[in-house]
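Enquirer: There's a structure below that I have some questions on.
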Amino acid sequence: MTENPSTDSGYASRHPATAAIERRPLFGLAAILLVAFGLRLVLLTDADIWWDEGWTVWVARHGVLDIARLMAADVHPPLYVLLLRLWLGLAGDGEFAVRLLSAISGTLTVAALWYLGRLLAPGRPWIALGGALLLAVSPLAIWWSQETRMYMLGGLLATLSLACTVRLRWQPSWRVALAYLATTIAALWTLYLLAFLLVIEGLYWLWTLRLERDWPTRGRLLLQWAALQALALVAFAPWLWYAIPRMRSWSSQSAFDPQLYLQLYATLLTVGASTHINRYLPIVIAVAVLVVVGLAVMVWRRNTRWGSRPGSILLLLLTIALPPLVVWLITMLPRSIGYLPKPEARYLLPFAPPFYLLLSWVVITLAERAGRARLWVGIGLTVALIAMSSWGLHRYYGDRYRSDNYESIALTLRAHAQPQDAIVLHTDQPWPVFAYHWPGEFIGIPYGQQMHADTAQQILAPIWEEHEAVWLVINEDALRMDPARQFEAWLDAQSAAHREWRFGSKRLLLFAKTPSRTSEPVPLAAHSATSDSARSIRVAGSQVVGWEQALQRIKAGEVAHLAVYVQRTQEEASLEVLLGQPARAHKLVEIPPGEGMARIAIDVPVPPDCPGGVMPWRVRMGDVEATVGHVRVLPRPPTQSQGELAPQHEVQATFGDPALVALLGYDLTRISATEGAYLRVTLYWQALDTPPLSYKVFTHLVNASGQVVAQRDDFPVRGTRPTTTWVPDETVVDTYDIPLPPDLATGQYTLVVGFYDPTTNNRLGPVKDHADVPQADDQLPLGPIEHRAP
């Protein structure tokens, strides 16, 4: 079948620049691909492994049959995890390696979208390049190109399937048919939702068949297409036959507002944000107006096929519009049918690339209609869209920060845990994250129920009976489910000795049946390995033979958790760890005398006023010194001046004895938004001294009986300004959005605020008001607040 000739000799004949791109289109594409790959590598490892990523890697560490069994009970087919299993064998399972597969998939998707654009508009190469450029800098695409999940691979396969569909329609061959089958079958084996590709491509095929002049040709082409789709479904059927009986029959979905869903979808496509989407509404509306105007111009000109193939705009619109409708309809299914999760941003990602091709098409169309100003109009619109993406990327990259989640805990366990020890995770709510960092065996304390002394006895007694020691990993969820710390108390009562390490908001405790297991230094495991980073340091026979640091970036004001391996002698020695040259922070530790190797854990607080930049870690013993590592210190944000503050309600209250923090005032606003009503409270803190711990702030809305009806707990300024970064006389403006339950009754409520240690649940007190009167429960009441139910 031959292509339909263009009705216009076209853009390329009128513009030398376009003709040059026609002659050498790959040069522009190569530059775009370099930009795309570079943006997807920026800060690739600088974000915590989250629940879904940890689960994905955990599954990929299994054998092929186990992967099939586990994925059959999940919401996705197994192709991505099987590929990840092969990838882990080649590249390892570090954060960079496990995310690199998605980064590569995201970059290839840019190339695939360019190819789709060249097929849809062969006479207008600017459209393909523009679409590739917009996808290359898209915050949404970059976001999911840095996640160890299957959505970016799904986007690549979906885009290739669409490209093969177009190529097969207008330039059919058996090679293209095989490529279509391969990409479509792979897409089906990656995401169930990509089954709707068959619907989208089928509608496109039917629409373009009307251009054929005779019915026999239409029938033959339709039969060929139906046969290809049938083959794709037959190739997917074995997995469905295996998976459907094993699928979960529960649902986590909740009622979902279609208007909110569409707004979320549009916000993700434009600026890549999935929270506080009302903030971006003006940008979303501006882009929507741009698209509508561009489409109107295309219809008005009545030659949308100029330089392009028939049905091209229809195919893009179907790919963009049909998936959100389908996802919303799926959420309307009964909860008893399969596993129906709440709609999330990532479910729409595989269908998102064509949006950027459509956006490029709109820009080119509007530029062409601008007459002599077409070049400047095209450049201006493109720059505006790239600036919009750049703004979204600035927000995205600015929020990426990898904390010491379970890294230091895993390093400690690798160094000291013996084969006869038990590792207990309390609770197991984040078990995939812990399993990523600690791939060994562990026992999880079930989450979701309040713990009592009988519960601790029932769970821990068999574990204690069968092991020589128990390592208890206590995370944030443990304090919520076990506020009385029953598990810790039970093990403490049974053990002969115990030892504790603190890592941010988590604790690691060793309970042993023999005191020698918790002696100083803690005995090393037989398989414990060290690095060779500092063998040159030797004083009085003691020698530093290894160095460990969990993180390569740290914020000023946080604590760096480090470890030094030392070959000891019978003589006492001291060791000093220094940050920077000259030293910005240091810690001196004593090396106890004895024989053999020891691991010395060292916590070095980084001063809040430490400047940013890459700094060396140095180890000094006596007069001998060596650089053993480097770390990038992120400076704290600039302090807000006192003159800029104007709280609605003034308060003079202090927290701690001696007082560490004062509350100067607060703002209070009730906000109704499409995602629900919430109470926004802005707190104006003043540091009286630098707190020694990283405290969490709690903001609780309580009723007349003192029951908490709504709350928001977080580290100050969304975790970007932990209290350890505060310096005396500094003022910190701290905002919290407290979601209000839809069924909250009309009445009077009180807002209470305060601080607590997330590792122990102990509140920072006493709390005293302006008259220096201590407040009950170490919390400060603000209000009262009148609420009217909608």
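Here's how to read the names in the structure tokens: chain A, B, ... by the order shown, residue numbers from 1 in each chain, ligand numbers from 1 in the order shown.
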Give me the residues within 12 Å of Gly440 of chain A as an mmCIF file with N, CA and C atoms, in the first residue's frame, counting only C-alpha atoms and dropping any in the same chain fewer than 4 places off.

Expert:
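Below is the file result-v9.cif, written as the result:
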```cif
data_model
loop_
_atom_site.group_PDB
_atom_site.id
_atom_site.type_symbol
_atom_site.label_atom_id
_atom_site.label_comp_id
_atom_site.auth_asym_id
_atom_site.auth_seq_id
_atom_site.Cartn_x
_atom_site.Cartn_y
_atom_site.Cartn_z
ATOM 1 N N TRP A 58 13.042 -7.433 45.725
ATOM 2 C CA TRP A 58 12.908 -8.665 46.504
ATOM 3 C C TRP A 58 12.367 -9.800 45.638
ATOM 4 N N ARG A 61 14.950 -11.161 43.135
ATOM 5 C CA ARG A 61 16.010 -12.002 43.705
ATOM 6 C C ARG A 61 15.610 -13.471 43.761
ATOM 7 N N ALA A 410 21.826 -1.994 58.205
ATOM 8 C CA ALA A 410 22.268 -3.169 57.456
ATOM 9 C C ALA A 410 23.781 -3.353 57.570
ATOM 10 N N LEU A 413 24.474 -4.864 60.968
ATOM 11 C CA LEU A 413 24.104 -6.283 61.013
ATOM 12 C C LEU A 413 25.113 -7.141 60.256
ATOM 13 N N ARG A 414 25.560 -6.655 59.097
ATOM 14 C CA ARG A 414 26.550 -7.421 58.338
ATOM 15 C C ARG A 414 27.842 -7.595 59.137
ATOM 16 N N ALA A 417 26.172 -9.503 63.165
ATOM 17 C CA ALA A 417 25.179 -10.569 63.330
ATOM 18 C C ALA A 417 25.812 -11.934 63.084
ATOM 19 N N GLN A 418 25.562 -12.862 64.005
ATOM 20 C CA GLN A 418 26.085 -14.218 63.910
ATOM 21 C C GLN A 418 25.030 -15.140 63.294
ATOM 22 N N PRO A 419 25.439 -16.280 62.725
ATOM 23 C CA PRO A 419 24.467 -17.194 62.097
ATOM 24 C C PRO A 419 23.372 -17.665 63.048
ATOM 25 N N ASP A 421 21.932 -15.907 65.315
ATOM 26 C CA ASP A 421 21.121 -14.776 65.774
ATOM 27 C C ASP A 421 19.824 -14.683 64.975
ATOM 28 N N ALA A 422 18.826 -14.039 65.577
ATOM 29 C CA ALA A 422 17.569 -13.740 64.888
ATOM 30 C C ALA A 422 17.486 -12.242 64.642
ATOM 31 N N ILE A 423 17.059 -11.869 63.443
ATOM 32 C CA ILE A 423 16.822 -10.469 63.094
ATOM 33 C C ILE A 423 15.318 -10.257 63.088
ATOM 34 N N VAL A 424 14.838 -9.337 63.909
ATOM 35 C CA VAL A 424 13.398 -9.094 64.047
ATOM 36 C C VAL A 424 13.115 -7.650 63.647
ATOM 37 N N PHE A 434 13.308 -2.717 54.097
ATOM 38 C CA PHE A 434 14.336 -3.355 54.923
ATOM 39 C C PHE A 434 14.956 -4.535 54.181
ATOM 40 N N ALA A 435 14.136 -5.314 53.466
ATOM 41 C CA ALA A 435 14.648 -6.479 52.749
ATOM 42 C C ALA A 435 15.598 -6.086 51.636
ATOM 43 N N TYR A 436 15.391 -4.900 51.060
ATOM 44 C CA TYR A 436 16.329 -4.449 50.036
ATOM 45 C C TYR A 436 17.715 -4.252 50.644
#
```

Enquirer: Which of segment 232-408 of chain A counts as helix (DSSP H, G or I) under DSSP, as JSON, numbers by chain please?

Expert: {"A": [232, 233, 234, 235, 236, 237, 238, 239, 240, 241, 242, 243, 244, 245, 246, 258, 259, 260, 261, 262, 263, 264, 265, 266, 267, 268, 269, 270, 271, 277, 278, 279, 280, 281, 282, 283, 284, 285, 286, 287, 288, 289, 290, 291, 292, 293, 294, 295, 296, 297, 298, 299, 300, 301, 312, 313, 314, 315, 316, 317, 318, 319, 320, 321, 322, 323, 324, 325, 326, 327, 328, 329, 330, 331, 345, 346, 347, 348, 349, 350, 351, 353, 354, 355, 356, 357, 358, 359, 360, 361, 362, 363, 364, 365, 366, 367, 368, 371, 372, 373, 374, 375, 376, 377, 378, 379, 380, 381, 382, 383, 384, 385, 386, 387, 388, 389, 390, 391, 392, 393, 394, 395, 396, 397, 398, 399, 407, 408]}

Enquirer: Could you work out how far atom CA of Leu133 of chain A lies from atom CA of Gly272 of chain A, giving the answer in Å with one decimal?

Expert: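 Atom-to-atom, atom CA of Gly272 of chain A to atom CA of Leu133 of chain A, that is 15.7 Å.
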
Enquirer: Please return, as a PDB file with C-alpha atoms, in the first residue's frame, all residues of segment 659-778 of chain A that DSSP assigns to strand (DSSP E) on the basis of the backbone.

Expert:
```
ATOM      1  CA  VAL A 661      12.505  26.174  71.018  1.00  0.00           C
ATOM      2  CA  ALA A 662       9.947  28.962  71.294  1.00  0.00           C
ATOM      3  CA  LEU A 663       6.692  29.289  69.347  1.00  0.00           C
ATOM      4  CA  LEU A 664       6.230  32.914  68.321  1.00  0.00           C
ATOM      5  CA  GLY A 665       2.856  32.554  66.623  1.00  0.00           C
ATOM      6  CA  TYR A 666       0.798  30.737  64.052  1.00  0.00           C
ATOM      7  CA  ASP A 667      -1.500  31.168  61.047  1.00  0.00           C
ATOM      8  CA  LEU A 668      -4.642  29.112  60.618  1.00  0.00           C
ATOM      9  CA  THR A 669      -6.657  28.666  57.425  1.00  0.00           C
ATOM     10  CA  ARG A 670      -9.378  26.232  56.424  1.00  0.00           C
ATOM     11  CA  ILE A 671      -9.076  25.275  52.776  1.00  0.00           C
ATOM     12  CA  SER A 672     -11.553  23.426  50.584  1.00  0.00           C
ATOM     13  CA  ALA A 673     -10.050  21.830  47.484  1.00  0.00           C
ATOM     14  CA  GLY A 676     -10.862  17.430  50.114  1.00  0.00           C
ATOM     15  CA  ALA A 677     -10.918  19.934  52.944  1.00  0.00           C
ATOM     16  CA  TYR A 678      -7.922  20.473  55.156  1.00  0.00           C
ATOM     17  CA  LEU A 679      -6.704  22.762  57.887  1.00  0.00           C
ATOM     18  CA  ARG A 680      -3.513  24.640  57.073  1.00  0.00           C
ATOM     19  CA  VAL A 681      -1.497  25.715  60.094  1.00  0.00           C
ATOM     20  CA  THR A 682       1.737  27.664  59.796  1.00  0.00           C
ATOM     21  CA  LEU A 683       3.947  27.662  62.886  1.00  0.00           C
ATOM     22  CA  TYR A 684       6.615  30.283  63.546  1.00  0.00           C
ATOM     23  CA  TRP A 685       9.380  28.617  65.572  1.00  0.00           C
ATOM     24  CA  GLN A 686      12.389  30.350  67.066  1.00  0.00           C
ATOM     25  CA  ALA A 687      15.431  28.295  68.019  1.00  0.00           C
ATOM     26  CA  LYS A 696       9.120  15.475  64.841  1.00  0.00           C
ATOM     27  CA  VAL A 697       6.360  18.062  65.072  1.00  0.00           C
ATOM     28  CA  PHE A 698       2.838  16.859  65.810  1.00  0.00           C
ATOM     29  CA  THR A 699      -0.257  18.891  64.936  1.00  0.00           C
ATOM     30  CA  HIS A 700      -3.380  17.241  66.325  1.00  0.00           C
ATOM     31  CA  LEU A 701      -6.987  18.363  66.099  1.00  0.00           C
ATOM     32  CA  VAL A 702      -8.788  17.076  69.199  1.00  0.00           C
ATOM     33  CA  VAL A 708      -7.547  13.061  68.117  1.00  0.00           C
ATOM     34  CA  VAL A 709      -9.841  13.427  65.091  1.00  0.00           C
ATOM     35  CA  ALA A 710      -7.256  14.667  62.550  1.00  0.00           C
ATOM     36  CA  GLN A 711      -3.503  15.017  62.565  1.00  0.00           C
ATOM     37  CA  ARG A 712      -0.322  15.619  60.622  1.00  0.00           C
ATOM     38  CA  ASP A 713       3.089  14.664  61.991  1.00  0.00           C
ATOM     39  CA  ASP A 714       6.298  15.417  60.153  1.00  0.00           C
ATOM     40  CA  THR A 731      13.189  31.606  62.969  1.00  0.00           C
ATOM     41  CA  VAL A 732      11.725  28.659  61.043  1.00  0.00           C
ATOM     42  CA  VAL A 733       8.375  28.969  59.248  1.00  0.00           C
ATOM     43  CA  ASP A 734       6.756  25.537  59.263  1.00  0.00           C
ATOM     44  CA  THR A 735       3.462  24.712  57.465  1.00  0.00           C
ATOM     45  CA  TYR A 736       1.259  21.635  57.907  1.00  0.00           C
ATOM     46  CA  ASP A 737      -1.874  20.649  55.991  1.00  0.00           C
ATOM     47  CA  ILE A 738      -4.119  18.583  58.254  1.00  0.00           C
ATOM     48  CA  PRO A 739      -6.698  16.635  56.193  1.00  0.00           C
ATOM     49  CA  GLY A 747     -18.527  21.493  66.637  1.00  0.00           C
ATOM     50  CA  GLN A 748     -15.665  23.118  68.481  1.00  0.00           C
ATOM     51  CA  TYR A 749     -12.197  21.590  68.364  1.00  0.00           C
ATOM     52  CA  THR A 750      -8.744  22.417  69.682  1.00  0.00           C
ATOM     53  CA  LEU A 751      -5.478  22.301  67.807  1.00  0.00           C
ATOM     54  CA  VAL A 752      -2.523  21.072  69.892  1.00  0.00           C
ATOM     55  CA  VAL A 753       1.105  21.125  68.776  1.00  0.00           C
ATOM     56  CA  GLY A 754       4.436  19.956  70.110  1.00  0.00           C
ATOM     57  CA  PHE A 755       7.592  17.934  69.477  1.00  0.00           C
ATOM     58  CA  TYR A 756       8.477  14.286  70.073  1.00  0.00           C
ATOM     59  CA  VAL A 767       5.873  23.060  77.438  1.00  0.00           C
ATOM     60  CA  LYS A 768       5.211  26.446  79.021  1.00  0.00           C
TER      61      LYS A 768
END
```

Enquirer: Return the single residue from A:Leu140, A:Ala103, A:Ala232, A:Cys610 that is closest to Ser161 of chain A, with distances computed using only C-alpha atoms.

Expert: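 Among the listed residues, the smallest separation from Ser161 of chain A belongs to A:Ala232.
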